[in-house]
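Colleague: Take this structure, written in structure tokens, and hold onto it; I'll ask about it next.
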Amino acid sequence: MTESSTDLASRTPRSSGVQSVARAAALLGAVVDSPSGGATLTELSKLTGLNVSTVHRLLGTLCAEGLLCRSREGDRFQPGPVLLRLGRRSLASTGLPEVTAVLKELADATGETASIGMRRGDRVLVLVSVQSEQPLRYLGEPGVSVPLTRTAMGVALLAFDTPSPPQRTPGQRRGGDEQAGPDPTEDAEDAEKWSWHVRLLAAQFRGYAVLDGADGSGLRGLAAPVDSGSPYIQLAVDIQGPAGRMTDDRLDALGARVVAAADSLRSLPVALALGQL
């Protein structure tokens, strides 16, 4: 007979330290088993039988350690990057080889390193990578968490999942005051937002996103979203390599390969499961 989350949380261990571990385990189990893609603070309190203040304290620690994270709306708690890495390792002997096979085919066809990643808040967690066989190549790093705006996968996720923000007219101050004159700081912010707006529109038009490394690395990435049936686009696949090899005249051919890989991944059971997290 297995214990429920409530039984585990309410049992009195021999020490407060063990009790905290048991309660944290109960919260993790409740989040993972939630059928709605996460649970709120109130729901977790009811599911585990713990009072709200205790749940709030433990959730703060679990989020800080990467075991849980907040949903993009901020009201639900979901599996975090550390928990997902543990899940990825446990899946290594089952569904992930199918994902690896698709990435291997993509890497062989394009000559570049191929990866699949998942959105976690405002970052992308790289789940699996297959390296290029070229001497000069991008070294994929599974388990690395990268800001959305610094990876082609993040641009693809933003382009195909997030509506464009309302635009202010040039010279219009925040709050709608058009008589106060232009603000240089706000104009610079507007220019940056417009640049990203154009980048997202270009990705939507092409069907894939392109992003050049802004750190002088000379890398270029191409990415496409993986529609796994979730209400949100959570997964993306990309290739990364030297911009000198991934030249502008090759973008459409390379992008078509990436989009085809994303279409192959969308029907795999493991991708469907990951996309619901």
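Ordering of the structure tokens sets the chain letters (A, B, ...), residue numbers begin anew at 1 in every chain, and ligands are numbered from 1 in the order given.
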Within 6 Å of region 115-129 of chain A, counting only C-alpha atoms, which residues qualify if same-chain residues fewer than 3 places away don't, as a ChimeraX atom specification?

Modeller: /A:72,140,142-148,234-238

Colleague: Might you pull out every residue within 12 Å of Glu65 (chain A), with only C-alpha atoms counted and same-chain residues fewer than 3 positions away left off, and present them as a ChimeraX atom specification?

Modeller: /A:24,58-62,68-69,79-83

Colleague: Enumerate, as a PyMOL selection string, the complete set of residues in region 67-165 of chain A that a backbone-based DSSP assignment places in alpha helix (DSSP H).

Modeller: chain A and resi 81-90+96-110+152-161

Colleague: Report the distance between CA of Pro225 (chain A) and CA of Gln204 (chain A) in Å, rounded to one decimal place.

Modeller: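 Interatomic distance, CA of Pro225 (chain A) to CA of Gln204 (chain A): 10.5 Å.
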
Colleague: For Asp248 (chain A), which residue out of A:Leu27, A:Ala261, A:Leu50, A:Leu222 is the nearest one, using only C-alpha atoms?

Modeller: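 Using only C-alpha atoms, the shortest distance to Asp248 (chain A) belongs to A:Leu222.
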
Colleague: Quick one: pull the distance between CA of Ala22 (chain A) and CA of Thr48 (chain A), Å, one decimal.

Modeller: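 Answer for the CA of Ala22 (chain A) to CA of Thr48 (chain A) separation: 10.7 Å.
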
Colleague: Separation of CA of Gly66 (chain A) and CA of Ser217 (chain A), in Å?

Modeller: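 Straight-line distance from CA of Gly66 (chain A) to CA of Ser217 (chain A) works out to 28.1 Å.
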